[in-house]
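Just below is one structure, and these are the notes that go with it.
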Amino acid sequence: MPEIVLTVARYGFLVLLWIFVFTVVGVIRRDLFAGARSSRLVAAPRGIGPVTGGARPAKVKKGRAARQLVVTAGALAGTRITLGETPITIGRAEDCTLVITDDYSSSRHAKLVPRDGQWYVEDMGSTNGTYLDRAKVSAPTPVPLGVPIRIGRTSFELRP
Amino acid sequence: MTAPAIPAPPPTNQGDGATPTRPSRSGGRRNAELGLLVFAMAVVGLYAAAAEAALMGRVTLWFLGPVAALGAMFFVAHLMIRWLAPHSDPVMLPAVALINGFGVMFLRRLDIADVKEHGGTSIPVFGGQGGRQLMWSLLAIACAMLVLAIVRDHRSLSRYAYTLGLTGIVLVMIPAVLPARLASVNGAPAKLWINFGFFAIQPGEFAKVLLLVFFAYYLVRKREVLSLASKRFLGIDFPRGRDLGPVLTVWLLSLLVLVFEKDLGTSLMYFGMFVVTLYIATERVSWLIIGLLLFSGGAFSAYVLGGIIGGPFANFHQRVGIWLDPFAEPDGNGYQLVQSLLGLGTGGLFGAGPGVGHPEIVPLVESDFIFAGMGEEIGLFGLSALLVVYLLIAQRGLRAAIGVRDSFGKLFAGGLAFTLGLQVFVIVGGVSKLIPLTGQTTPFLSAGGSSLVANWALVALLLRVSDAARRPADGSASGRGGGPSAGGPVKLQELPTEMLKAGTTTRHNGDKA
């Protein structure tokens with residue numbers, strides 16, 4: 001066996017090994033950065049508002065009821081979602097109502113559920129937890145107006 | 001939850017043209033897996049051919065036998081994954097296949113060198129150590145597929161958490177209570193085995209997966225109380241004294257393993273596994289600090305005790321002594337480590353080339369020191385590629401843990417991935433004199449059936465979790481189909497019936513009540 005063949009095999013093998021590693025990285029590259037370029041940040045236009053028509057429930061007490069959700073900090077700061085009668089889900093998954101691209105958020109992180117005119121925040125088993133003001137949310141908790149709910153580096157509050 | 005210091009990702013590419021890249025992510029990318037698998041087998045084949053050419057002076061095509069056998073089995077595994085876990089991670093199987101193939105081929109290369117020395121010409125496909133490893137690999141892959149077929153949903157494991165955990169503890173303890181004759185092989189001091197005479201199994205390898213099921217289940221139930229009730233001290237949240245109970249129990253258990261089985265590595269594995277699962281569950285850095293302090297304190301006192309009273313600690317004391325100065329007795333106690341270091345040093349940057357070195361000089365090169373043996377021939381350049389492949393496997397596991405939605409799956413997958421990484425660290429660190437050497441197997445690489453079967457089962461479970469993590473949600477698929485105006489309200493009404501969370505939430509509530 002000529003020496004040159006052995007040398008080529010020796011280095012060729014090492015190079016091929018590294019090419020394999022980089023191919024693997026290439027295959028998962030899209031996945032590695034999937035969080036950062038998740039296509040749409042907000043799902044708000046998908047008909048969250050009073051899509052059910054003019055049938056706005058009368059049992060909501062005027063004046064004290066939350067009408068909108070305002071994101072106060074994080075990448076989405078300034079986003080407003082008009083609250084209707086449907087629950088609002090928050091998380092990284094595309095099908096959440098409020099899609100937040102936050103490394104500290106789970107795909108389905110928390111949800112806000114209206115019950116008799118009062119909104120409740122509920123953690124959906126997220127990894128990093130949901131905080132209402134400074135307390136961790138572990139069970140459905142009523143959300144007063146203007147109290148920040150924090151998920152990762154995003155925080156938002158309900159406003160009349 | 002600390003305030004993140006990372007700046008928010010610039011929302012540059014949110015607007016135009018970002019949406020169409022969606023389908024490839026939800027797809028399982030099985031074709032990529034197949035391609036990588038072929039690539040991996042080609043690399044393994046080239047390694048085998050190069051080794052054979054260098055050893056025998058010619059290439060006999062015999063090397064194709066093991067490559068073909070492995071390749072066929074991996075192809076079957078690939079087809080099974082297509083059927084059983086179509087959305088699972090495309091990278092895991094090829095990466096593990098590469099390392100497993102290297103293990104088989106390196107052992108075969110040792111056989112060839114051995115045969116050549118005795119004047120033989122070739123060895124059969126299933127002959128020698130490489131052949132045995134090949135058979136074990138085939139069996140292990142078959143077992144992994146069996147695991148994949150039986151465990152159709154990783155959450156079902158949590159139903160048997162106590163049973164599996166108890167089985168794990170029993171498996172850990174069996175070698176400790178067996179007489180030394182039945183619990184060790186080759187006269188090694190570590191009691192890690194159940195020796196049936198004609199073959200021996202290492203129950204600890206299986207126990208780690210079983211214990212993880214229990215750890216994950218236990219911590220899902222307890223994580224609220226563990227992470228909420230705490231005292232703040234020196235800027236770190238420390239848990240209450242009574243919550244330390246399980247940690248101390250596992251710590252004691254791992255110290256008992258250290259004492260009675262004379263094996264630091266296994267004890268470090270179990271304890272590290274538990275502490276990290278605890279950390280994943282509570283995201284309290286204090287657990288890591290407490291864990292490290294407890295373990296290093298335990299190990300240090302074992303070392304000191306070993307020096308003073310000997311007895312069960314003597315072996316550990318000796319190992320630390322070797323680690324501190326292997327060249328004190330290069331022909332005595334330090335022989336293994338010295339040869340390993342010399343092998344790695346001889347390899348240098350690019351290695352001597354496959355088949356050119358003399359790995360047979362290193363003792364136990366087929367099991368504990370396989371990394372040193374390979375290092376002599378493929379050098380730092382090749383070894384670091386192997387380490388990166390290990391890293392990628394662990395990363396894919398952690399990624400699956402991030403992606404999966406239920407807490408049990410997160411803890412379980414995170415623990416499995418970390419365990420794999422820790423095991424590589426413990427043995428590679430031992431071989432390269434970073435930490436005291438302990439007799440762990442190098443996952444997928446070392447000769448040994450138990451290790452192969454257990455680690456392949458671990459991979460199967462990771463595949464199962466990653467399948468759940470990457471499976472597109474049912475609601476989103478239908479919801480995205482319709483136009484925004486029509487699809488919106490329907491989808492929103494579907495959303496609250498989120499399938500995974502209900503169980504976890506009620507369980508937490510139950511704890512509180």
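Naming works like this for the structure tokens: A, B, ... for the chains as they're shown, residue 1 at the start of each chain, ligands 1 onward in shown order.
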
| task | Excluding B:Leu46 and any residue of its chain fewer than 5 positions from it, enumerate the residues within 9 Å of it, using only C-alpha atoms, and give them as a list in words. | result |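 Within the cut-off, the hits are Ala9, Gly12 and Phe13 of chain A; Met41 and Ala51 of chain B.
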
Could the residues in this selection be written to a file with N, CA and C atoms, as a CSV table (one decimal), in the first residue's frame?
chain,number,residue,atom,x,y,z
A,9,ALA,N,-5.9,8.8,3.4
A,9,ALA,CA,-6.9,8.2,4.1
A,9,ALA,C,-6.9,8.8,5.5
A,12,GLY,N,-8.0,12.5,5.2
A,12,GLY,CA,-9.3,12.5,4.6
A,12,GLY,C,-10.3,12.1,5.6
A,13,PHE,N,-10.0,11.1,6.4
A,13,PHE,CA,-10.9,10.6,7.4
A,13,PHE,C,-11.2,11.7,8.4
B,41,MET,N,-22.2,6.3,8.2
B,41,MET,CA,-21.7,4.9,7.9
B,41,MET,C,-20.5,5.0,6.9
B,51,ALA,N,-7.8,1.9,8.8
B,51,ALA,CA,-7.1,1.1,9.8
B,51,ALA,C,-6.6,-0.2,9.3

| field | Members of stretch 238-382 of chain B assigned alpha helix (DSSP H) by DSSP, as an MDAnalysis selection string | value | chainID B and resid 245:260 264:282 285:308 314:324 335:347 370:382

| field | Polymer residues at most 8 Å from A:Val21, only C-alpha atoms, same-chain spacing of 2 or more positions, as a count of residues only | value | 9

| Near stretch 97-103 of chain B, within 6 Å and counting only C-alpha atoms, which residues show up once chain neighbours fewer than 3 positions away are dropped, as an MDAnalysis selection string? | chainID B and resid 40 44 93:94 106 444:445

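Distances here use only C-alpha atoms; by that measure, the residue among B:Asn315, B:Thr282, B:Ser267, B:Ser466 closest to chain A is B:Thr282.
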
| query | Using only C-alpha atoms, which residues sit within 7 Å of stretch 447-459 of chain B once same-chain residues fewer than 6 positions away are excluded, as a list in words? | reply | Gln133, Trp136, Ser137, Ala140, Ile141, Cys143, Ala144, Val147, Ile201, Gln202, Glu205, Phe206, Val209, Glu366, Ser367, Leu416 and Thr441 of chain B

| When distances are computed from only C-alpha atoms, which of B:Gly343, B:Ala281, B:His358, B:Ile174 shows the smallest separation from B:Gly414? |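 Nearest candidate to B:Gly414 out of B:Gly343, B:Ala281, B:His358, B:Ile174: B:Ala281.
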
| field | Contact residues around stretch 246-256 of chain B with only C-alpha atoms at 8 Å, ignoring same-chain residues under 6 positions, as a ChimeraX atom specification | value | /B:266-268,270-271,274-275,294-295,298

Selection export as a PDB file, in the first residue's frame, atoms kept: C-alpha atoms:
ATOM      1  CA  THR B 266     -21.499   5.921  39.529  1.00  0.00           C
ATOM      2  CA  SER B 267     -22.097   7.839  42.707  1.00  0.00           C
ATOM      3  CA  LEU B 268     -21.295  11.109  40.972  1.00  0.00           C
ATOM      4  CA  TYR B 270     -26.642   9.517  40.416  1.00  0.00           C
ATOM      5  CA  PHE B 271     -26.103  12.560  42.524  1.00  0.00           C
ATOM      6  CA  PHE B 274     -30.696  14.317  40.805  1.00  0.00           C
ATOM      7  CA  VAL B 275     -29.274  17.754  41.475  1.00  0.00           C
ATOM      8  CA  LEU B 294     -22.341  18.244  49.375  1.00  0.00           C
ATOM      9  CA  PHE B 295     -20.655  16.112  46.784  1.00  0.00           C
ATOM     10  CA  GLY B 298     -18.485  13.910  50.727  1.00  0.00           C
TER      11      GLY B 298
END

| message | Give me, as a ChimeraX atom specification, all polymer residues having an atom no more than 10 Å from B:Lys262, counting only C-alpha atoms and skipping those fewer than 3 positions away in the same chain. | response | /B:176,189-192,255-259,265-267,312-316,438-439

| Using only C-alpha atoms: which of A:Val70, A:Ile88, A:Val147, A:Leu98 has the shortest distance to chain B |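 Among the listed residues, the smallest separation from chain B belongs to A:Ile88.
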
| task | Could you tell me which of A:Leu145, A:Met124, A:Val137, A:Val99 comes closest to chain B if we count only C-alpha atoms? | result |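 With only C-alpha atoms as the atom set, the closest residue is A:Met124.
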
| Residue among A:Gln118, A:Thr79, A:Ser106, A:Ser155 lying closest to chain B, counting only C-alpha atoms |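 Closest candidate: A:Ser106.
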
| field | Given only C-alpha atoms as the counted atoms, nearest of B:Gly35, B:Trp193, B:Met56, B:Ala72 to B:Gly120 | value |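 Nearest to B:Gly120: B:Met56.
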